[in-house]
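See below for run-v8.cif, which holds mmCIF, C-alpha atoms.
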```cif
data_entry
loop_
_atom_site.label_atom_id
_atom_site.label_comp_id
_atom_site.auth_asym_id
_atom_site.auth_seq_id
_atom_site.Cartn_x
_atom_site.Cartn_y
_atom_site.Cartn_z
CA MET H 28 11.39 -11.21 8.73
CA LEU H 29 9.19 -9.40 6.22
CA THR H 30 9.56 -5.67 6.87
CA ARG H 31 7.84 -3.84 4.02
CA ILE H 32 5.49 -3.96 1.07
CA ASP H 33 8.25 -4.00 -1.56
CA HIS H 34 6.02 -3.73 -4.61
CA ILE H 35 2.71 -4.43 -6.27
CA GLY H 36 3.18 -6.26 -9.58
CA ILE H 37 0.69 -5.17 -12.26
CA ALA H 38 0.40 -7.04 -15.55
CA CYS H 39 -0.34 -5.04 -18.70
CA HIS H 40 -0.53 -5.54 -22.45
CA ASP H 41 1.42 -2.42 -23.42
CA LEU H 42 4.13 -1.18 -21.06
CA GLU H 43 4.50 2.27 -22.64
CA LYS H 44 0.76 3.01 -22.48
CA THR H 45 0.54 1.79 -18.90
CA VAL H 46 3.58 3.78 -17.79
CA ASP H 47 2.04 6.80 -19.47
CA PHE H 48 -1.19 6.25 -17.51
CA TYR H 49 0.57 6.02 -14.15
CA THR H 50 2.89 8.97 -14.76
CA SER H 51 0.35 11.34 -16.33
CA THR H 52 -2.60 10.46 -14.07
CA TYR H 53 -0.83 10.33 -10.72
CA GLY H 54 2.49 12.13 -11.26
CA PHE H 55 4.55 9.02 -10.44
CA GLU H 56 8.00 8.73 -12.01
CA VAL H 57 9.81 5.81 -13.60
CA PHE H 58 12.68 4.80 -11.33
CA HIS H 59 14.05 1.89 -13.34
CA THR H 60 13.32 -0.22 -16.41
CA GLU H 61 14.67 -3.59 -17.43
CA VAL H 62 14.02 -6.80 -19.33
CA ASN H 63 14.02 -10.03 -17.30
CA GLU H 64 14.55 -12.77 -19.87
CA GLU H 65 14.12 -15.58 -17.34
CA GLN H 66 10.76 -14.24 -16.16
CA GLY H 67 9.80 -13.35 -19.75
CA VAL H 68 8.88 -9.73 -19.01
CA ARG H 69 9.73 -6.11 -19.70
CA GLU H 70 9.14 -3.98 -16.67
CA ALA H 71 9.09 -0.48 -15.24
CA MET H 72 9.52 0.24 -11.53
CA LEU H 73 7.82 3.38 -10.18
CA LYS H 74 9.00 4.32 -6.69
CA ILE H 75 6.02 5.50 -4.61
CA ASN H 76 7.55 5.99 -1.14
CA GLU H 77 10.44 5.02 1.07
CA THR H 78 9.82 2.62 3.94
CA SER H 79 10.76 2.46 7.62
CA ASP H 80 13.14 -0.50 7.08
CA GLY H 81 15.40 1.58 4.79
CA GLY H 82 13.85 0.26 1.59
CA ALA H 83 11.08 1.50 -0.67
CA SER H 84 7.70 0.55 -2.12
CA TYR H 85 7.24 0.42 -5.88
CA LEU H 86 4.67 -0.30 -8.50
CA GLN H 87 6.10 -2.87 -10.91
CA LEU H 88 4.47 -2.69 -14.34
CA LEU H 89 4.98 -5.91 -16.30
CA GLU H 90 4.52 -6.68 -20.00
CA PRO H 91 5.22 -10.20 -21.23
CA ILE H 92 7.86 -10.65 -23.94
CA ARG H 93 6.96 -14.29 -24.67
CA GLU H 94 3.65 -16.07 -25.08
CA ASP H 95 4.85 -18.88 -22.79
CA SER H 96 5.76 -16.60 -19.89
CA THR H 97 3.68 -16.91 -16.74
CA VAL H 98 2.61 -13.27 -17.04
CA ALA H 99 1.41 -13.81 -20.64
CA LYS H 100 -0.67 -16.81 -19.56
CA TRP H 101 -2.04 -14.88 -16.60
CA LEU H 102 -3.01 -11.92 -18.82
CA ALA H 103 -4.74 -14.22 -21.32
CA LYS H 104 -6.86 -15.64 -18.50
CA ASN H 105 -7.46 -12.56 -16.33
CA GLY H 106 -6.85 -9.44 -18.40
CA GLU H 107 -4.86 -6.51 -17.05
CA GLY H 108 -4.66 -6.10 -13.27
CA VAL H 109 -2.75 -6.89 -10.10
CA HIS H 110 -0.63 -9.98 -10.78
CA HIS H 111 1.22 -10.34 -7.47
CA ILE H 112 2.29 -8.59 -4.28
CA ALA H 113 5.81 -8.61 -2.84
CA PHE H 114 7.14 -8.30 0.69
CA GLY H 115 10.70 -7.15 1.37
CA THR H 116 13.06 -8.97 3.71
CA ALA H 117 16.75 -8.74 4.55
CA ASP H 118 17.05 -12.53 4.11
CA VAL H 119 14.85 -14.13 1.47
CA ASP H 120 16.54 -17.53 1.97
CA ALA H 121 15.72 -17.69 5.68
CA ASP H 122 12.16 -16.43 5.25
CA ALA H 123 11.43 -18.77 2.35
CA ALA H 124 12.72 -21.72 4.38
CA ALA H 125 10.67 -20.76 7.44
CA ILE H 126 7.52 -20.29 5.36
CA LYS H 127 8.07 -23.59 3.56
CA ASP H 128 8.30 -25.28 6.97
CA LYS H 129 4.81 -23.95 7.70
CA GLY H 130 3.45 -25.89 4.71
CA VAL H 131 3.31 -23.12 2.08
CA ARG H 132 4.68 -24.13 -1.32
CA VAL H 133 7.72 -22.08 -2.35
CA LEU H 134 7.98 -22.04 -6.15
CA TYR H 135 11.80 -21.93 -6.55
CA ASP H 136 14.35 -24.22 -4.93
CA GLU H 137 16.74 -21.25 -4.76
CA PRO H 138 15.91 -17.54 -5.10
CA ARG H 139 16.27 -16.13 -8.61
CA ILE H 140 17.22 -12.68 -9.86
CA GLY H 141 14.42 -10.10 -9.83
CA SER H 142 14.18 -6.36 -10.44
CA MET H 143 17.30 -4.28 -9.93
CA GLY H 144 19.48 -7.23 -8.99
CA SER H 145 17.22 -8.37 -6.15
CA ARG H 146 16.90 -12.02 -5.08
CA ILE H 147 13.32 -13.27 -5.21
CA THR H 148 11.08 -16.24 -4.77
CA PHE H 149 7.33 -16.80 -5.00
CA LEU H 150 4.76 -18.56 -2.82
CA HIS H 151 1.97 -20.60 -4.40
CA PRO H 152 -1.22 -18.50 -4.57
CA LYS H 153 -3.40 -21.48 -3.64
CA ASP H 154 -1.56 -21.64 -0.31
CA CYS H 155 -1.94 -17.85 0.19
CA HIS H 156 -5.70 -17.30 -0.09
CA GLY H 157 -5.47 -16.59 -3.82
CA VAL H 158 -2.61 -14.09 -3.71
CA LEU H 159 0.55 -14.81 -5.70
CA THR H 160 3.11 -13.61 -3.16
CA GLU H 161 6.75 -12.73 -3.79
CA LEU H 162 9.55 -12.41 -1.25
CA VAL H 163 12.33 -9.95 -2.17
CA THR H 164 15.75 -9.15 -0.83
CA SER H 165 16.88 -6.05 -2.67
CA ALA H 166 20.48 -5.70 -3.88
CA ALA H 167 20.79 -2.68 -1.60
CA GLU H 168 19.12 -4.27 1.45
CA PRO H 169 20.62 -2.44 4.44
CA SER H 170 20.96 -5.48 6.68
CA ALA H 171 21.20 -8.23 4.05
CA ASP H 172 23.92 -10.77 4.70
CA HIS H 173 23.99 -12.00 1.08
CA MET C 5 -0.42 14.38 -4.51
CA LEU C 6 -0.26 10.64 -3.93
CA THR C 7 2.60 9.99 -1.53
CA ARG C 8 2.41 6.33 -0.48
CA ILE C 9 1.02 2.89 -1.07
CA ASP C 10 -1.57 3.10 1.71
CA HIS C 11 -2.81 -0.47 1.50
CA ILE C 12 -3.48 -3.54 -0.58
CA GLY C 13 -7.09 -4.70 -0.26
CA ILE C 14 -7.46 -8.49 -0.24
CA ALA C 15 -10.88 -10.14 -0.45
CA CYS C 16 -11.44 -13.37 1.47
CA HIS C 17 -14.26 -15.73 2.39
CA ASP C 18 -13.33 -16.12 6.06
CA LEU C 19 -11.66 -13.21 7.83
CA GLU C 20 -10.49 -15.20 10.87
CA LYS C 21 -8.83 -17.90 8.75
CA THR C 22 -7.17 -15.32 6.52
CA VAL C 23 -5.94 -13.24 9.46
CA ASP C 24 -4.56 -16.44 10.95
CA PHE C 25 -2.71 -17.19 7.71
CA TYR C 26 -1.10 -13.73 7.53
CA THR C 27 -0.16 -13.60 11.20
CA SER C 28 1.10 -17.17 11.59
CA THR C 29 2.87 -17.42 8.22
CA TYR C 30 4.56 -14.02 8.11
CA GLY C 31 4.46 -12.75 11.68
CA PHE C 32 2.33 -9.72 10.80
CA GLU C 33 0.09 -8.27 13.51
CA VAL C 34 -3.47 -7.03 13.43
CA PHE C 35 -3.43 -3.26 13.90
CA HIS C 36 -7.16 -2.60 13.68
CA THR C 37 -10.47 -4.32 12.96
CA GLU C 38 -13.84 -2.85 12.09
CA VAL C 39 -17.12 -3.38 10.29
CA ASN C 40 -17.94 -0.94 7.49
CA GLU C 41 -21.70 -1.26 7.04
CA GLU C 42 -21.78 1.08 4.04
CA GLN C 43 -19.12 -0.93 2.18
CA GLY C 44 -20.67 -4.19 3.41
CA VAL C 45 -17.44 -5.63 4.81
CA ARG C 46 -15.69 -6.79 7.97
CA GLU C 47 -12.02 -5.99 7.83
CA ALA C 48 -8.65 -6.34 9.52
CA MET C 49 -5.78 -3.93 8.93
CA LEU C 50 -2.26 -5.33 9.29
CA LYS C 51 0.41 -2.62 9.40
CA ILE C 52 3.45 -3.73 7.41
CA ASN C 53 5.71 -0.65 7.49
CA GLU C 54 5.72 3.08 8.01
CA THR C 55 6.21 5.35 5.03
CA SER C 56 8.30 8.41 4.22
CA ASP C 57 5.26 10.72 4.13
CA GLY C 58 4.50 10.06 7.81
CA GLY C 59 1.86 7.42 7.09
CA ALA C 60 1.98 3.65 6.83
CA SER C 61 1.31 0.75 4.47
CA TYR C 62 -1.20 -1.92 5.44
CA LEU C 63 -2.73 -5.11 4.19
CA GLN C 64 -6.51 -4.76 4.38
CA LEU C 65 -8.25 -8.14 4.64
CA LEU C 66 -11.91 -7.91 3.65
CA GLU C 67 -14.81 -10.32 4.17
CA PRO C 68 -18.25 -9.39 2.85
CA ILE C 69 -21.12 -9.17 5.33
CA ARG C 70 -23.85 -8.95 2.65
CA GLU C 71 -24.40 -10.84 -0.58
CA ASP C 72 -25.10 -7.57 -2.39
CA SER C 73 -21.83 -5.89 -1.36
CA THR C 74 -19.33 -5.17 -4.11
CA VAL C 75 -16.76 -7.39 -2.40
CA ALA C 76 -19.22 -10.32 -2.24
CA LYS C 77 -19.94 -9.97 -5.96
CA TRP C 78 -16.24 -9.69 -6.74
CA LEU C 79 -15.46 -12.83 -4.69
CA ALA C 80 -18.21 -14.79 -6.42
CA LYS C 81 -16.68 -13.92 -9.79
CA ASN C 82 -12.96 -14.04 -9.01
CA GLY C 83 -12.40 -16.04 -5.84
CA GLU C 84 -10.05 -14.86 -3.12
CA GLY C 85 -7.27 -12.46 -4.09
CA VAL C 86 -6.21 -8.84 -4.48
CA HIS C 87 -9.37 -6.75 -4.77
CA HIS C 88 -7.89 -3.23 -4.96
CA ILE C 89 -4.86 -1.08 -4.27
CA ALA C 90 -4.88 2.25 -2.43
CA PHE C 91 -2.67 5.31 -2.60
CA GLY C 92 -2.43 7.76 0.29
CA THR C 93 -2.75 11.51 -0.14
CA ALA C 94 -3.08 14.47 2.20
CA ASP C 95 -6.05 15.74 0.14
CA VAL C 96 -8.29 13.12 -1.42
CA ASP C 97 -10.75 15.78 -2.63
CA ALA C 98 -8.13 17.67 -4.63
CA ASP C 99 -6.54 14.52 -6.08
CA ALA C 100 -9.89 12.99 -7.02
CA ALA C 101 -10.90 16.21 -8.77
CA ALA C 102 -7.59 16.45 -10.66
CA ILE C 103 -7.79 12.80 -11.73
CA LYS C 104 -11.42 13.19 -12.82
CA ASP C 105 -10.32 16.13 -14.98
CA LYS C 106 -7.94 13.75 -16.77
CA GLY C 107 -10.88 11.59 -17.83
CA VAL C 108 -10.74 8.85 -15.21
CA ARG C 109 -14.12 7.95 -13.70
CA VAL C 110 -14.28 8.63 -9.93
CA LEU C 111 -16.88 6.35 -8.35
CA TYR C 112 -18.15 8.64 -5.56
CA ASP C 113 -19.34 12.24 -5.90
CA GLU C 114 -17.89 12.92 -2.45
CA PRO C 115 -15.36 10.84 -0.50
CA ARG C 116 -16.87 8.34 1.92
CA ILE C 117 -15.62 6.95 5.22
CA GLY C 118 -13.05 4.15 4.97
CA SER C 119 -10.86 2.28 7.44
CA MET C 120 -9.96 3.99 10.69
CA GLY C 121 -11.96 7.13 9.92
CA SER C 122 -10.18 7.82 6.64
CA ARG C 123 -11.84 9.57 3.71
CA ILE C 124 -11.77 7.49 0.54
CA THR C 125 -12.87 7.30 -3.05
CA PHE C 126 -12.36 4.79 -5.86
CA LEU C 127 -11.35 5.06 -9.52
CA HIS C 128 -13.01 2.86 -12.14
CA PRO C 129 -10.80 -0.15 -12.90
CA LYS C 130 -11.58 0.01 -16.60
CA ASP C 131 -9.96 3.46 -16.66
CA CYS C 132 -6.93 2.19 -14.68
CA HIS C 133 -5.69 -0.76 -16.77
CA GLY C 134 -7.79 -3.24 -14.81
CA VAL C 135 -6.83 -2.11 -11.32
CA LEU C 136 -9.56 -0.96 -8.92
CA THR C 137 -7.74 1.98 -7.33
CA GLU C 138 -8.61 3.74 -4.09
CA LEU C 139 -7.46 7.16 -2.91
CA VAL C 140 -7.19 7.59 0.87
CA THR C 141 -6.70 10.49 3.22
CA SER C 142 -6.18 9.01 6.65
CA ALA C 143 -7.76 10.55 9.73
CA ALA C 144 -4.24 11.15 11.05
CA GLU C 145 -2.80 12.50 7.81
CA PRO C 146 0.06 14.80 8.91
CA SER C 147 -0.57 17.53 6.36
CA ALA C 148 -4.28 16.99 5.71
CA ASP C 149 -6.32 20.15 5.64
CA HIS C 150 -9.62 18.34 6.08
#
```

Write-out of the structure in structure tokens:
Amino acid sequence: MLTRIDHIGIACHDLEKTVDFYTSTYGFEVFHTEVNEEQGVREAMLKINETSDGGASYLQLLEPIREDSTVAKWLAKNGEGVHHIAFGTADVDADAAAIKDKGVRVLYDEPRIGSMGSRITFLHPKDCHGVLTELVTSAAEPSADH
Amino acid sequence: MLTRIDHIGIACHDLEKTVDFYTSTYGFEVFHTEVNEEQGVREAMLKINETSDGGASYLQLLEPIREDSTVAKWLAKNGEGVHHIAFGTADVDADAAAIKDKGVRVLYDEPRIGSMGSRITFLHPKDCHGVLTELVTSAAEPSADH
């Protein structure tokens, strides 16, 4: 069951400049930074609010670290902007399986590691009215059984 | 002060089909529907979670009702997808003024009426790393002084 907007993923060319924009313009703070080699990105997570399911909603600022990463290809085509949205769930495996059964393409056979040790998968944007959609079970998910 | 992700605005060609996708695929429920003649859209708000500032986060599904609406033009150029993101604040006037002072273009001289009687304004996407960004003070904002 999807219980929150976990994050909005925003692709950018220069992570430091974009972090500076979000922190100086809005007063948001950087909660976490990391490099995800598998996804080919450097990222900063800005926590915006906590959510009624015990989690939180973030902005995820993403800069590609490789030209062949999906975010690099997306940026080359679209320019900077919203790359994906993510819903939080206590059980990404169960939700991905249920959604796949409804005919939506799930991009990974098994969830992979996302921000802050979360387990994530993606749904094909062409099956989601143009929106690249991520499902996330955070490492600290209150009721996660993984 | 921006205290929550208020909503993610998603542009679509057919509101009923898109609502059906989000409700049947994810189990989300329609919280509110309305027509905003000024913005030139029909919309459905799906509440995803409540937020730590006393508000909530929604998906806002938008279908244009006029060919000359900004959403219609955006759809013609981009196809279906994420059209804008919105941050909630108790005082959209004060935040818009402070952000304008930092050199970001604010699209309205005065906030206009958005979903569910909220007061809204938009920031120019070219000043926000490609992201059309809305500021929202909801009609029920707990600490709003408007």

Original post:
Hey, what's within 7 Å of Gln87 in chain H if we count all atoms listed in the file and toss same-chain stuff fewer than 2 positions away? As number ranges by chain, please?
Top reply: H: 34-37, 70-73, 85, 89

Kindly assemble as a Markdown table a list of the chain H residues that lie within 8 Å of chain C, each paired with its nearest atom pair and their distance in Å to one decimal, using all atoms listed in the file, sorted first by chain and then by ascending residue number.
```
| residue | atom | partner | partner_atom | distance |
| --- | --- | --- | --- | --- |
| H:Met28 | CA | C:Tyr30 | CA | 7.4 |
| H:Leu29 | CA | C:Tyr30 | CA | 6.8 |
| H:Thr30 | CA | C:Asn53 | CA | 6.4 |
| H:Arg31 | CA | C:Asn53 | CA | 5.2 |
| H:Ile32 | CA | C:Ile52 | CA | 6.7 |
| H:Cys39 | CA | C:His133 | CA | 7.1 |
| H:Thr45 | CA | C:His133 | CA | 7.1 |
| H:Phe48 | CA | C:Cys132 | CA | 7.6 |
| H:Thr52 | CA | C:Ile103 | CA | 6.2 |
| H:Tyr53 | CA | C:Leu6 | CA | 6.8 |
| H:Gly54 | CA | C:Met5 | CA | 7.7 |
| H:Ile75 | CA | C:Arg8 | CA | 5.5 |
| H:Asn76 | CA | C:Arg8 | CA | 5.2 |
| H:Glu77 | CA | C:Ser56 | CA | 5.1 |
| H:Thr78 | CA | C:Thr55 | CA | 4.7 |
| H:Ser79 | CA | C:Glu54 | CA | 5.1 |
| H:Asp80 | CA | C:Asn53 | CA | 7.4 |
| H:Ser84 | CA | C:Ile9 | CA | 7.2 |
| H:Gly106 | CA | C:Gly134 | CA | 7.2 |
| H:Glu107 | CA | C:Gly134 | CA | 4.9 |
| H:Gly108 | CA | C:Gly134 | CA | 4.5 |
| H:Val109 | CA | C:Val135 | CA | 6.4 |
| H:Ile126 | CA | C:Thr29 | CA | 6.2 |
| H:Lys129 | CA | C:Thr29 | CA | 6.8 |
| H:Cys155 | CA | C:Phe25 | CA | 7.6 |
| H:His156 | CA | C:Glu84 | CA | 5.8 |
| H:Gly157 | CA | C:Gly85 | CA | 4.5 |
| H:Val158 | CA | C:Gly85 | CA | 5.0 |
```

Original post:
So what does the PyMOL selection byres ((chain H and resi 94-100) around 8) actually pick up in this one, as a list in words?
Top reply: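 When the PyMOL selection byres ((chain H and resi 94-100) around 8) is applied, the selected residues are Ala38, Gln66, Gly67, Val68, Leu89, Glu90, Pro91, Ile92, Arg93, Trp101, Leu102, Ala103, Lys104 and His110 of chain H.
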
Subject >> From H:Ala113, H:Arg132, H:Leu88, H:Glu61, residue lying nearest Gly144 in chain H [only C-alpha atoms] >> reply: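 Nearest to Gly144 in chain H: H:Glu61.
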
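The space separating CA of Arg116 in chain C from CA of Phe35 in chain C comes to 21.4 Å.
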
Original post:
So how far away is CA of Thr93 in chain C from CA of Phe126 in chain C, in Å?
Top reply: 13.0 Å

**OP:** May I ask for the distance between CA of Ser165 in chain H and CA of Val46 in chain H, given in Å to one decimal place?
**Re:** 22.4 Å
